[in-house]
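S.K.: I have a structure here, written as C-alpha cells, and I will follow up with some questions on it.
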Amino acid sequence: MSRKKWIISPIDKDAAAQVAENHSLDPFTSLILVSRGITEYEDVEEFFDNDFSFCDPYLITDMDKAVERIKKAIENFEKICVYGDYDADGVTSTAIMYSYFSKHGADVIYYIPDRITEGYGMSCSAVDKLRAEGVKLIVTVDNGISAVKEIAYAKELGIDCVVTDHHMPGEVLPDAVAVVDPHRTDCNLLFRDWAGVGVAFKTLCALENGSYWNVLNEYADIIAVGTVADVVDLKDENRAIVKYGLAKINSSPCNGINALRQVAGAGERSLNATGVTYSLAPRINAAGRMESAVTALKLLLCDDLLTALDIAEKTDECNRRRHLAENEIMEAAVAVIEADNRLKYSRVLVVCGENWHHGVIGIVAARLCEKYGRPAIVITFEGDEGTGSARSIEGFPIYDAIKSCSEVLTHFGGHEMAAGLGLKKENVDAFFSAVNEYAASREQVFPVLQLDCKLNPAYINNDLVQSLEMLEPFGAGNPQPLFGIFGVRITAIRPVGEGKHIRLTVAKGSAQLTAMKFSTPLSDFPYREGDTVDLAVRIEKNEFRGEIKPSVQIRDMRFSGMDDDKLCKSQALYEKYMRGEALLEKEARFITPSREFLLGVFGFLKVNGGWQFDTVSMLVRAKCPPEKLCTMLTSLDVLCELRLIRRSGDIIIFDGNNKKTDLSQSEILNKLIKMQGGVCDGN
C-alpha cells in the first residue's frame with residue numbers, strides 16, 4: 001500500500017474552456033494544459049507549434065570562439081578528440097559530434113572515460129594519453145565545465161580545449177579557448193535547459209552557419225534519445241527536438257537506433273517518448289554501466305544494419321545483466337535496512353555494501369527512495385574507499401544535505417533530487433549522523449502522488465486517447481497524465497501473465513472498467529471483490545490486430561476515503577518513537593495501545609490466521625481510523641515481544657498461542673507508560 005499523499009492539481013474550468021475556444025482544442029486537452037499552468041495564448045500556440053523556430057546558436061556565449069577554433073582544426077587537419085561521458089546523454093553527444101566532424105573531413109577520435117576506473121569527466125591521465133596520440137584540440141560534450149585543473153594541464157601541454165556542457169558552472173570557469181555552457185551567468189538566454197546533447201546540437205547548428213534543419217535531418221533521432229534519457233524538461237526547444245526526433249525514430253532512424261528497436265521488441269511499433277525512456281535509453285545506459293560506453297557509441301555510429309544488430313544484442317545483454325545486478329543489490333540493501341531499526345526508521349537512509357556494482361547503485365537508491373518514501377543513499381566500498389549515489393523525494397534537497405556533511409567526504413556533487421559522493425569507511429557513522437541531523441533541522445516532507453484531475457470511468461474511450469496523444473511527447477516537465485478514479489467497486493480480480501500481473505474490473509454506477517496492475521501477484525494484492533477503492537491510472541492507446549482500445553494501467557490504488565494526511569502523520573510519529581527520539585507526553589499516550597486495543601489486534605490476527613499484506617490494509621480491515629496506524633504498529637511490536645505472534649519480513653504469523661500473558665512484562669509498554677509518568681499494571 002502506498003504511503004504517498006494523493007494531491008489533485010487545481011483546475012480553472014473557465015480558463016480551460018477559454019483555451020479550448022481560443023485554439024479550437026478538445027476540451028479535455030485544454031483541461032490538462034490548464035492544470036499544468038499553460039494558459040497564455042502564446043504558450044499554448046508554442047506547445048502545439050509544428051514549425052518551431054529555434055534560437056540563434058550564436059546567442060550562447062563563446063559559441064563564435066568555439067566555431068572558429070573547430071573550423072580551424074578541421075581545415076588544418078589537426079587531430080581532434082571528442083571527449084564524452086558514459087551515460088546516454090554523453091554517448092549521444094559524442095556520437096553526433098564525432099560523426100559530424102568525420103563527415104566534414106576532420107582527423108578526429110573519441111574518448112569516453114570508464115565509469116569504474118576513471119569516473120566522470122576529464123582527467124590528467126586521459127590528457128596524457130591524448131597528447132601521446134597527437135591530439136591538438138579537445139572538444140568536450142556533456143562535461144568539462146568543472147575540469148578547471150585538467151584543462152589548465154592540457155593547455156600546459158599545448159592542447160587547446162573547447163568545452164560544450166550543460167551542467168552548472170562553478171565559481172571559476174576553465175581556461176579553455178571557448179566555454180559553451182548556457183548556464184554561464186554572462187549568457188543571456190530565454191531558454192537554456194538543454195541536455196548535453198542539446199548543447200552539442202546547438203554547436204553543430206552554429207557550424208552549419210546557424211541552420212538547424214541539416215543537423216536535425218541527420219541526427220534528430222539520436223539527439224531525441226539523449227534528451228529524453230537525461231530527463232530534462234520537455235519544454236521549448238527540448239520539446240521540439242523530441243518531436244522531430246520521434247518522427248525520425250519512427251520513419252528513418254539510423255542503423256543503431258533501428259537495431260535497438262529490434263532487440264527491444266519495438267520493431268514495427270510506433271514509439272513515443274515513454275517508449276524511448278523504457279526501451280532505447282536503458283540499453284544505451286547499460287553499456288556504460290556494465291561494460292564500456294564505447295559499445296553503445298559504436299552502435300550509434302554503425303553504418304551497417306547487420307553489424308548494428310550484433311552490437312545491439314550486446315547492449316541488450318548488458319541491460320539484462322544490469323537488471324540482475326540491480327535486483328541482487330536491492331535485495332541485499334533491503335535486508336540490511338530491515339535488520340537495523342536505527343537505519344530503517346532514519347530520516348535519510350544510508351545503506352552500505354562491499355563491492356556493489358558502481359553502475360547500478362543510483363538505480364537502487366531510486367528504488368529504495370520509492371519503497372521507503374524517504375531520501376536514500378547507497379554506498380559501495382572497495383577496501384576503504386566508498387562511492388555513493390543518492391536520490392530524494394520532492395521537497396528535500398539531497399545535494400544541500402550532503403553538502404552539509406562535506407567535512408567527512410572526499411568529494412560530492414549533484415542537484416536537489418540526485419547526487420553522488422565519496423567517503424572513507426571510517427567516516428560512515430559520522431556521515432549518517434550528520435546527514436540525518438540536517439534532515440531533522442527541516443520540516444518533514446512526505447512523498448506525493450500528483451494527479452492531473454479526477455476522471456469518471458464512463459469517459460474513458462478512444463476519443464480520450466486521441467486527446468491525450470495531442471499532448472505528446474511526455475517526459476520531465478510534461479509528464480504522462482495521471483488520473484484519479486475515485487469510489488469504484490471491485491467486481492472481478494483475475495491473475496494474468498502466469499500470475500505476475502492482475503486484471504481488475506471495477507464499476508461505478510452503470511460504467512464498468514477493466515484495468516491492469518502490473519508486477520503484482522495475487523499474494524501481494526490486499527484488495528477483495530466488493531472493496532471500494534480509488535485508482536491512480538494512466539491511459540494509453542492499445543493497438544491489437546488493427547483494433548484500437550484504451551489501455552488503463554493502475555499506477556497506485558488505495559481504499560476509498562483514506563485520509564492521507566492522518567496516515568502520514570501517524571506513520572511519522574511511530575518512526576520518531578522507533579528512532580529513540582523523546583516523545584511529548586500526549587504523543588506517548590497516543591501511540592500506546594490500551595489493553596482493549598491490544599486484544600482487538602490479537603483477535604483480528606487470530607481470526608485471520610495472521611496477516612500477509614501491508615499494515616495499512618490491516619488497519620482498514622480491522623476498522624481502525626488512519627490516525628491509529630502508529631498504535632497498530634506499536635501493538636504488533638508488543639505482541640511480537642511477548643511471543644504471541646511472529647513476523648517474517650512483512651508477514652505476520654499467528655501460531656495459535658492463546659496463553660494468558662502479563663502485559664507488565666512488555667518493555668515496550670513499560671517504556672511508553674513511563675514517558676507518561678505511569679506504571680503498567682499488567683492486567
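How things are named: the first chain in the C-alpha cells is A, the next is B, and so on; residues count from 1 in each chain; ligands count from 1 in the order shown.
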Would you mind listing what lies within 7 Å of stretch 187-202 of chain A as a CSV table (one decimal) with C-alpha atoms, in the first residue's frame, with only C-alpha atoms counted and same-chain residues fewer than 2 positions away left out?
M.R.:
chain,number,residue,atom,x,y,z
A,57,PRO,CA,23.1,29.3,-31.5
A,60,ILE,CA,25.2,31.2,-26.4
A,61,THR,CA,28.3,32.9,-25.0
A,89,ASP,CA,23.4,11.9,-22.8
A,90,GLY,CA,27.2,11.7,-23.1
A,92,THR,CA,24.6,10.5,-27.9
A,93,SER,CA,26.5,13.8,-27.6
A,97,MET,CA,29.8,15.5,-32.7
A,141,VAL,CA,30.5,17.1,-24.7
A,142,ASP,CA,28.3,16.8,-21.6
A,164,THR,CA,30.4,22.2,-24.5
A,165,ASP,CA,28.4,21.3,-21.4
A,166,HIS,CA,25.1,21.9,-19.7
A,182,PRO,CA,24.1,28.1,-21.4
A,183,HIS,CA,24.2,28.3,-17.6
A,184,ARG,CA,27.0,30.8,-17.6
A,185,THR,CA,26.0,33.9,-15.7
A,204,LEU,CA,26.7,21.8,-34.8
A,205,CYS,CA,23.9,24.3,-35.8
A,206,ALA,CA,26.5,27.1,-35.4
A,223,ILE,CA,19.5,13.9,-30.2
A,226,GLY,CA,19.8,11.7,-25.4
A,227,THR,CA,17.4,14.5,-24.4
A,230,ASP,CA,18.8,12.9,-19.4
A,232,VAL,CA,15.5,17.5,-18.9
A,238,ASN,CA,13.6,20.3,-26.0
S.K.: Near A:Cys568, within 12 Å and counting only C-alpha atoms, which residues show up once chain neighbours fewer than 5 positions away are dropped, as a ChimeraX atom specification?
M.R.: /A:2-6,373,444-448,562-563,573-575,616,626-630
S.K.: Given only C-alpha atoms, how would the per-residue table for stretch 230-295 of chain A near stretch 522-542 of chain A read, listing every residue at most 12 Å away with its closest atom pair and distance in Å to one decimal, sorted by chain and number, as CSV?
M.R.:
residue,atom,partner,partner_atom,distance
A:Arg269,CA,A:Asn542,CA,10.9
A:Ser270,CA,A:Lys541,CA,11.0
A:Leu271,CA,A:Lys541,CA,11.6
A:Asn272,CA,A:Glu540,CA,10.8
A:Thr274,CA,A:Glu540,CA,10.6
A:Gly275,CA,A:Glu540,CA,11.6
S.K.: Just the residues within 12 Å of stretch 44-54 of chain A, please, counting only C-alpha atoms, with nothing from its chain fewer than 5 positions along; format it as a PyMOL selection string.
M.R.: chain A and resi 16+18-20+22-25+29-30+32-34+36-39+59+190-192+198+201-202+205-206+210-213+216+234-244+247+469-473+478
S.K.: Taking only C-alpha atoms into account, name the residue in A:Lys606, A:Lys72, A:Arg115, A:Lys508 that is nearest to A:Ala458.
M.R.: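 Of A:Lys606, A:Lys72, A:Arg115, A:Lys508, the one nearest A:Ala458, counting only C-alpha atoms, is A:Lys508.
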S.K.: May I ask which of the residues A:Pro550, A:Pro113, A:Gly677, A:Gly158 is the closest one to A:Leu137, counting only C-alpha atoms?
M.R.: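 Checking each of A:Pro550, A:Pro113, A:Gly677, A:Gly158 against A:Leu137, counting only C-alpha atoms, the winner is A:Gly158.
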S.K.: What gap, in Å, lies between atom CA of A:Asp556 and atom CA of A:Val488?
M.R.: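 Pair atom CA of A:Asp556 / atom CA of A:Val488 returns 13.8 Å.
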S.K.: Apply DSSP to the backbone of this structure and, from stretch 195-342 of chain A, keep only the residues in helix (DSSP H, G or I); write these as a VMD selection string.
M.R.: chain A and resid 196 to 207 213 to 229 236 to 249 255 to 263 273 to 290 293 to 301 305 to 338 341 to 342
